[in-house]
Amino acid sequence: MPYDHGFPDEIAWRGLVERFGYRMWAVARAYGLSPSDAADAVQAAWLRLVENYHSVRDLDRLGAWLVTTTRHEAIRIGKKRGDQLPGLPDDLPASDGDPVAVMLTEDEGRRLWAAVDTLREPCRSLLRLLVTAPEAGYAQISRRLDMPIGSIGPTRGRCLKRLRSIMEEQQR
Amino acid sequence: MSDDYLLAALRVAAGTDPMPARVAADARGAFGLHLPGAVTATPVAVPPAPAGGYGTRSGTRADRRSYQDLPTRIWSDGCPLDGESRLLRFAVDGLTIDVEVAICDSHFDLAGQVHPAPGEGTRVEIRTPYVSKVRYPSEAGEFATTGLPHGWLSVVCHRPAHPPVATRWHRVRP
């Protein structure tokens, strides 16, 4: 089937890149891909859109389509490399309706960080450290935050859960 | 959504893991790869290789033809004969495009064949997001090129009086 039916013009295409590019990058990186492999996964999703634009029936869901396609490509590349994040499931839940997944324009990124700032300690510091110093091991984090090493993992999970519910409340 | 995604989103938003400028540039550049009216040839299974392989690396063209019509290859300097090669087949509407890639350290080489043999005026466009090369296939439908950059690849067959047929984009990396 010809795939140029209703294909966007260049300005509209650039708009799509601006709107969804960051989110796609975050998805690819969330799968533990290196910057180079993540770039391939994101590029693949755009190339798939060029091939399949005619089959995307609901243009309002184009963002979800791009995110899902990026995720599939990231999984494929990660499997080929054999270096996916340990313990990461083969397929993460679909992003539709998830308040975090539907965000991540520049503005939305600011809102996400504003939500982090509303968290209590040690969540605020822990998340800041995990994000800004990803190379820091749990031993280093334990020293910096004066927390037992064994409690870092569970605390991290609770902090992210709290952050997610703040974002959900904002969406309502 | 997973904790990993949430942390990745925070990193992107914090600028500690900014999206490289070339990722956005490549995304914008994908627009120029749209082929109006083209149909997509999707991957299909390649018949299993005979014992000893296809002979594509060390065998002769005659060896290959004894098995099936596989493309003639031209491997460039610096592409080790015992390096990785990959055979791909794409098909749509009675047209098959075979592509064999030899993956070298800094680039890849490609040989291919269009089945059935194309008529006069057919050209094959070998596309990556950054380089496009046009080849006029032999009477048997064979074509080849060297020195393509690692990354995404699509081969387009332009035949007179037919819509272009483009293979699905395929990732070629070591």
# chains A, B, ... in the order shown; residues from 1 in each chain; ligands from 1
$ closest_atom_pairs --of "chain B" --to "chain A" --cutoff "9 Å" --atoms "only C-alpha atoms" --output "tab-separated table"
residue	atom	partner	partner_atom	distance
B:Met1	CA	A:Pro93	CA	6.1
B:Ser2	CA	A:Leu92	CA	6.9
B:Asp3	CA	A:Leu160	CA	6.6
B:Asp4	CA	A:Ala30	CA	5.3
B:Tyr5	CA	A:Ala30	CA	4.7
B:Leu6	CA	A:Val100	CA	7.1
B:Leu7	CA	A:Val131	CA	6.5
B:Ala8	CA	A:Ala30	CA	5.2
B:Ala9	CA	A:Ala26	CA	5.2
B:Leu10	CA	A:Val131	CA	6.6
B:Arg11	CA	A:Val131	CA	5.4
B:Val12	CA	A:Ala26	CA	6.4
B:Ala13	CA	A:Gly109	CA	4.7
B:Ala14	CA	A:Gly109	CA	7.7
B:Gly15	CA	A:Thr132	CA	8.9
B:Thr16	CA	A:Thr132	CA	6.1
B:Asp17	CA	A:Ala26	CA	8.7
B:Pro18	CA	A:Tyr22	CA	8.3
B:Met19	CA	A:Trp25	CA	6.3
B:Pro20	CA	A:Ala39	CA	8.3
B:Arg22	CA	A:Ala39	CA	8.5
B:Val23	CA	A:Ala39	CA	5.8
B:Ala24	CA	A:Gly21	CA	6.8
B:Asp26	CA	A:Gln43	CA	6.6
B:Ala27	CA	A:Gln43	CA	6.0
B:Arg28	CA	A:Arg14	CA	5.8
B:Ala30	CA	A:Leu47	CA	6.1
B:Phe31	CA	A:Glu10	CA	6.7
B:Gly32	CA	A:Glu10	CA	8.5
B:Leu33	CA	A:Val50	CA	7.3
B:His34	CA	A:Val50	CA	5.7
B:Leu35	CA	A:Asp4	CA	7.3
B:Pro36	CA	A:Asp4	CA	5.1
B:Gly37	CA	A:Pro2	CA	4.5
B:Ala38	CA	A:Pro2	CA	5.3
B:Val39	CA	A:Pro2	CA	5.4
B:Thr40	CA	A:Glu51	CA	7.1
B:Gly151	CA	A:Asp40	CA	7.4
B:Trp152	CA	A:Ala44	CA	7.7
B:Pro163	CA	A:Pro2	CA	8.3
B:Arg168	CA	A:Glu51	CA	7.6
B:Trp169	CA	A:Leu47	CA	7.1
B:His170	CA	A:Ala44	CA	8.7
B:Arg171	CA	A:Asp40	CA	8.2
$ atom_distance --atom1 "atom CA of B:Arg159" --atom2 "atom CA of A:Val56"
27.7 Å
$ atom_distance --atom1 "atom CA of A:Ala64" --atom2 "atom CA of A:Arg19"
11.8 Å
